[in-house]
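Peer 1: Next comes upload_11.cif, mmCIF, C-alpha atoms:
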```
data_input
#
loop_
_atom_site.group_PDB
_atom_site.id
_atom_site.type_symbol
_atom_site.label_atom_id
_atom_site.label_comp_id
_atom_site.auth_asym_id
_atom_site.auth_seq_id
_atom_site.Cartn_x
_atom_site.Cartn_y
_atom_site.Cartn_z
ATOM 1 C CA MET A 1 -21.361 29.972 -2.357
ATOM 2 C CA GLU A 2 -18.479 27.818 -1.111
ATOM 3 C CA SER A 3 -16.046 27.876 -4.038
ATOM 4 C CA THR A 4 -15.535 29.204 -7.552
ATOM 5 C CA ARG A 5 -13.015 29.041 -10.379
ATOM 6 C CA VAL A 6 -9.764 30.890 -9.739
ATOM 7 C CA ASP A 7 -9.859 32.772 -13.060
ATOM 8 C CA ARG A 8 -13.385 33.978 -12.375
ATOM 9 C CA TRP A 9 -12.467 35.046 -8.822
ATOM 10 C CA LEU A 10 -9.347 36.961 -9.965
ATOM 11 C CA TRP A 11 -11.489 38.851 -12.464
ATOM 12 C CA ALA A 12 -14.349 39.441 -10.004
ATOM 13 C CA VAL A 13 -12.080 41.024 -7.351
ATOM 14 C CA ARG A 14 -10.408 43.190 -9.997
ATOM 15 C CA LEU A 15 -6.910 41.688 -9.849
ATOM 16 C CA ALA A 16 -7.176 40.891 -13.571
ATOM 17 C CA PRO A 17 -8.725 43.365 -16.041
ATOM 18 C CA THR A 18 -10.552 40.662 -18.018
ATOM 19 C CA ARG A 19 -11.461 37.068 -17.408
ATOM 20 C CA SER A 20 -9.488 36.027 -20.459
ATOM 21 C CA ALA A 21 -6.404 37.736 -18.980
ATOM 22 C CA ALA A 22 -6.904 35.759 -15.768
ATOM 23 C CA THR A 23 -7.280 32.554 -17.776
ATOM 24 C CA ALA A 24 -4.137 33.342 -19.762
ATOM 25 C CA ALA A 25 -2.185 33.925 -16.542
ATOM 26 C CA CYS A 26 -3.339 30.535 -15.261
ATOM 27 C CA ARG A 27 -2.436 28.859 -18.549
ATOM 28 C CA ALA A 28 1.039 30.450 -18.448
ATOM 29 C CA GLY A 29 1.644 29.118 -14.930
ATOM 30 C CA HIS A 30 1.559 32.518 -13.207
ATOM 31 C CA VAL A 31 -1.156 31.559 -10.712
ATOM 32 C CA ARG A 32 -0.731 29.294 -7.685
ATOM 33 C CA VAL A 33 -3.395 28.278 -5.177
ATOM 34 C CA GLY A 34 -2.199 26.880 -1.877
ATOM 35 C CA GLY A 35 1.355 26.604 -3.192
ATOM 36 C CA ARG A 36 0.393 24.477 -6.209
ATOM 37 C CA SER A 37 0.215 25.609 -9.814
ATOM 38 C CA ALA A 38 -3.414 26.294 -10.744
ATOM 39 C CA LYS A 39 -5.371 25.797 -13.924
ATOM 40 C CA ALA A 40 -8.182 28.233 -14.704
ATOM 41 C CA ALA A 41 -10.819 25.812 -13.378
ATOM 42 C CA THR A 42 -9.084 25.264 -10.019
ATOM 43 C CA ALA A 43 -11.530 25.906 -7.208
ATOM 44 C CA VAL A 44 -10.811 28.580 -4.604
ATOM 45 C CA ALA A 45 -12.557 28.717 -1.256
ATOM 46 C CA VAL A 46 -12.427 30.980 1.772
ATOM 47 C CA GLY A 47 -8.996 30.791 3.414
ATOM 48 C CA ASP A 48 -7.045 29.807 0.266
ATOM 49 C CA LEU A 49 -3.800 31.647 -0.485
ATOM 50 C CA VAL A 50 -3.613 32.759 -4.127
ATOM 51 C CA GLU A 51 -0.257 33.819 -5.593
ATOM 52 C CA ALA A 52 -0.529 35.498 -8.991
ATOM 53 C CA ARG A 53 1.859 37.342 -11.288
ATOM 54 C CA LEU A 54 -0.285 39.944 -13.043
ATOM 55 C CA HIS A 55 1.018 43.031 -14.869
ATOM 56 C CA GLN A 56 4.634 42.093 -13.965
ATOM 57 C CA VAL A 57 3.731 42.340 -10.250
ATOM 58 C CA ASP A 58 3.669 39.383 -7.878
ATOM 59 C CA ARG A 59 0.513 39.450 -5.744
ATOM 60 C CA VAL A 60 -0.174 37.234 -2.729
ATOM 61 C CA VAL A 61 -3.773 37.392 -1.516
ATOM 62 C CA GLU A 62 -5.901 35.368 0.874
ATOM 63 C CA VAL A 63 -9.502 34.667 -0.102
ATOM 64 C CA VAL A 64 -11.914 36.150 2.451
ATOM 65 C CA GLN A 65 -15.099 36.022 0.379
ATOM 66 C CA VAL A 66 -15.913 33.998 -2.722
ATOM 67 C CA ILE A 67 -17.695 35.951 -5.464
ATOM 68 C CA GLU A 68 -18.368 35.156 -9.111
ATOM 69 C CA LYS A 69 -19.684 38.453 -10.445
ATOM 70 C CA ARG A 70 -17.495 41.519 -10.890
ATOM 71 C CA VAL A 71 -18.183 44.142 -8.242
ATOM 72 C CA GLY A 72 -17.090 47.711 -7.608
ATOM 73 C CA ALA A 73 -13.564 48.397 -6.373
ATOM 74 C CA PRO A 74 -14.558 49.277 -2.767
ATOM 75 C CA VAL A 75 -16.459 45.983 -2.448
ATOM 76 C CA ALA A 76 -13.767 43.953 -4.246
ATOM 77 C CA VAL A 77 -11.092 45.005 -1.729
ATOM 78 C CA THR A 78 -13.141 43.457 1.087
ATOM 79 C CA CYS A 79 -13.085 40.033 -0.631
ATOM 80 C CA TYR A 80 -9.378 39.418 -0.036
ATOM 81 C CA VAL A 81 -6.525 40.211 2.333
ATOM 82 C CA ASP A 82 -3.401 41.394 0.542
ATOM 83 C CA HIS A 83 -0.214 39.683 1.794
ATOM 84 C CA THR A 84 1.945 41.038 -1.050
ATOM 85 C CA PRO A 85 5.417 42.006 0.211
ATOM 86 C CA PRO A 86 6.280 45.679 -0.293
ATOM 87 C CA PRO A 87 8.414 46.526 -3.336
ATOM 88 C CA PRO A 88 12.150 46.893 -2.705
ATOM 89 C CA ALA A 89 13.183 50.383 -1.674
ATOM 90 C CA GLY A 90 16.026 52.434 -3.073
ATOM 91 C CA ASP A 91 18.036 51.872 -6.223
ATOM 92 C CA GLU A 92 17.099 48.173 -6.427
ATOM 93 C CA ALA A 93 13.509 49.055 -7.341
ATOM 94 C CA LEU A 94 14.356 50.998 -10.493
ATOM 95 C CA PRO A 95 16.026 49.430 -13.513
ATOM 96 C CA PRO A 96 19.105 51.209 -14.890
ATOM 97 C CA VAL A 97 18.299 54.039 -17.257
ATOM 98 C CA ALA A 98 20.014 54.202 -20.619
ATOM 99 C CA SER A 99 21.512 57.647 -21.043
ATOM 100 C CA ARG A 100 23.624 59.172 -23.766
ATOM 101 C CA GLU A 101 25.486 62.432 -23.953
ATOM 102 C CA ARG A 102 23.616 65.236 -25.628
ATOM 103 C CA GLY A 103 24.638 65.581 -29.237
ATOM 104 C CA ALA A 104 26.249 62.131 -29.355
ATOM 105 C CA GLY A 105 24.269 61.344 -32.466
ATOM 106 C CA ARG A 106 22.519 58.211 -33.452
ATOM 107 C CA PRO A 107 23.449 55.059 -31.481
ATOM 108 C CA THR A 108 25.650 52.554 -33.248
ATOM 109 C CA LYS A 109 24.772 48.895 -33.484
ATOM 110 C CA ARG A 110 27.033 48.223 -30.501
ATOM 111 C CA ASP A 111 25.333 50.990 -28.470
ATOM 112 C CA ARG A 112 21.904 49.629 -29.366
ATOM 113 C CA ARG A 113 22.856 46.150 -28.085
ATOM 114 C CA ARG A 114 24.060 47.643 -24.794
ATOM 115 C CA ILE A 115 20.798 49.566 -24.413
ATOM 116 C CA ASP A 116 18.762 46.441 -25.169
ATOM 117 C CA ARG A 117 20.671 44.478 -22.484
ATOM 118 C CA MET A 118 19.665 47.038 -19.866
ATOM 119 C CA ARG A 119 15.948 46.904 -20.652
ATOM 120 C CA PRO A 120 13.837 44.642 -18.406
ATOM 121 C CA ARG A 121 12.295 41.659 -20.117
#
```
Could the structure of this file be written out as structure tokens, please?

Peer 2:
Amino acid sequence: MESTRVDRWLWAVRLAPTRSAATAACRAGHVRVGGRSAKAATAVAVGDLVEARLHQVDRVVEVVQVIEKRVGAPVAVTCYVDHTPPPPAGDEALPPVASRERGAGRPTKRDRRRIDRMRPR
């Protein structure tokens, strides 16, 4: 097999939990093949660089083997080379935590807005 659809390949190598999730990521513009935005039917071949944002994590993988059927995790790992940069270390990796003094009572509307601003989107 020389090439396959990118959504099918992402699902087969277990980067996406379902094929529909892989298709939705492509439709939302979260998948790039060779630096270009990819539709679900975009063909991937050996040597292509696939950049995908799945589960709020940016993944950069190089296609080593093209497969269409979902395989076990040990086999799936051999089908790509992971070029994903490591997550930032230290305080930059964790979002700020909303904390209140014990016994401060229920948050006011103003407090709630401050807490909502700190939450990641």

Peer 1: Any idea what the distance is between CA of Val71 (chain A) and CA of Val44 (chain A)?

Peer 2: 17.6 Å

Peer 1: Measuring atom to atom with all atoms listed in the file, identify which of A:Val81, A:Met118, A:Val31, A:Ala76 is nearest to Arg14 (chain A).

Peer 2: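 Using all atoms listed in the file, the shortest distance to Arg14 (chain A) belongs to A:Ala76.
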
Peer 1: Which one of A:Arg112, A:His83, A:Lys69, A:Arg27 sits closest to Leu49 (chain A) if you count all atoms listed in the file?

Peer 2: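 Smallest separation from Leu49 (chain A) among the options: A:His83.
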
Peer 1: Extract, using all atoms listed in the file, all DNA, RNA and protein residues at most 10 Å from Arg59 (chain A), discarding same-chain residues fewer than 3 positions from it, and format them as a compact mmCIF listing (two decimals) with C-alpha atoms, keeping the file's coordinate frame.

Peer 2:
```
# COMPACT_ATOMS: atom_id res chain seq x y z
CA LEU A 15 -6.91 41.69 -9.85
CA VAL A 31 -1.16 31.56 -10.71
CA VAL A 50 -3.61 32.76 -4.13
CA GLU A 51 -0.26 33.82 -5.59
CA ALA A 52 -0.53 35.50 -8.99
CA ARG A 53 1.86 37.34 -11.29
CA LEU A 54 -0.28 39.94 -13.04
CA HIS A 55 1.02 43.03 -14.87
CA GLN A 56 4.63 42.09 -13.96
CA ASP A 82 -3.40 41.39 0.54
CA HIS A 83 -0.21 39.68 1.79
CA THR A 84 1.94 41.04 -1.05
CA PRO A 85 5.42 42.01 0.21
```

Peer 1: Could you tell me how far CA of Lys39 (chain A) sits from CA of Ala73 (chain A), in Å to one decimal place?

Peer 2: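 Here the two named atoms are 25.2 Å from each other.
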
Peer 1: What separation in Å, quoted to one decimal, exists between CA of Ser37 (chain A) and CA of Val75 (chain A)?

Peer 2: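 Computing it gives 27.3 Å between the two atoms.
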
Peer 1: Quick check on the file I pasted: which residues fall under the PyMOL selection byres ((chain A and resi 41-43) around 8)? Write them as a PDB file with C-alpha atoms, in the coordinates of the input.

Peer 2:
```
ATOM      1  CA  SER A   3     -16.046  27.876  -4.038  1.00  0.00           C
ATOM      2  CA  THR A   4     -15.535  29.204  -7.552  1.00  0.00           C
ATOM      3  CA  ARG A   5     -13.015  29.041 -10.379  1.00  0.00           C
ATOM      4  CA  VAL A   6      -9.764  30.890  -9.739  1.00  0.00           C
ATOM      5  CA  ASP A   7      -9.859  32.772 -13.060  1.00  0.00           C
ATOM      6  CA  ALA A  38      -3.414  26.294 -10.744  1.00  0.00           C
ATOM      7  CA  LYS A  39      -5.371  25.797 -13.924  1.00  0.00           C
ATOM      8  CA  ALA A  40      -8.182  28.233 -14.704  1.00  0.00           C
ATOM      9  CA  VAL A  44     -10.811  28.580  -4.604  1.00  0.00           C
ATOM     10  CA  ALA A  45     -12.557  28.717  -1.256  1.00  0.00           C
TER      11      ALA A  45
END
```

Peer 1: Any chance you could work out the axis-aligned box around region 15-31 of chain A, listed atoms only, 4 Å on each side, giving centre and edge lengths in Å to one decimal, as AutoDock Vina command-line options?

Peer 2:
```
--center_x -4.9 --center_y 36.1 --center_z -15.2 --size_x 21.1 --size_y 22.5 --size_z 18.6
```

Peer 1: When you count only C-alpha atoms, which of these residues is closest to Val60 (chain A): A:Leu10, A:Ala21, A:Ile115, A:Ala104?

Peer 2: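 Between A:Leu10, A:Ala21, A:Ile115, A:Ala104, the residue approaching Val60 (chain A) most closely is A:Leu10.
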
Peer 1: Could you tell me which of A:Gly29, A:Gly35, A:Gly47, A:Gly72 comes closest to Ala12 (chain A) if we count all atoms listed in the file?

Peer 2: A:Gly72

Peer 1: Which is closer to Met1 (chain A) than all the others in A:Pro74, A:Asp58, A:Cys79, A:Val46, using only C-alpha atoms?

Peer 2: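 Of the candidates, the smallest distance to Met1 (chain A) is held by A:Val46.
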
Peer 1: Using all atoms listed in the file, pick whichever of A:Glu68, A:Ala24, A:Glu62, A:Arg36 has the shortest atom-to-atom distance to Trp9 (chain A).

Peer 2: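 Checking each of A:Glu68, A:Ala24, A:Glu62, A:Arg36 against Trp9 (chain A), counting all atoms listed in the file, the winner is A:Glu68.
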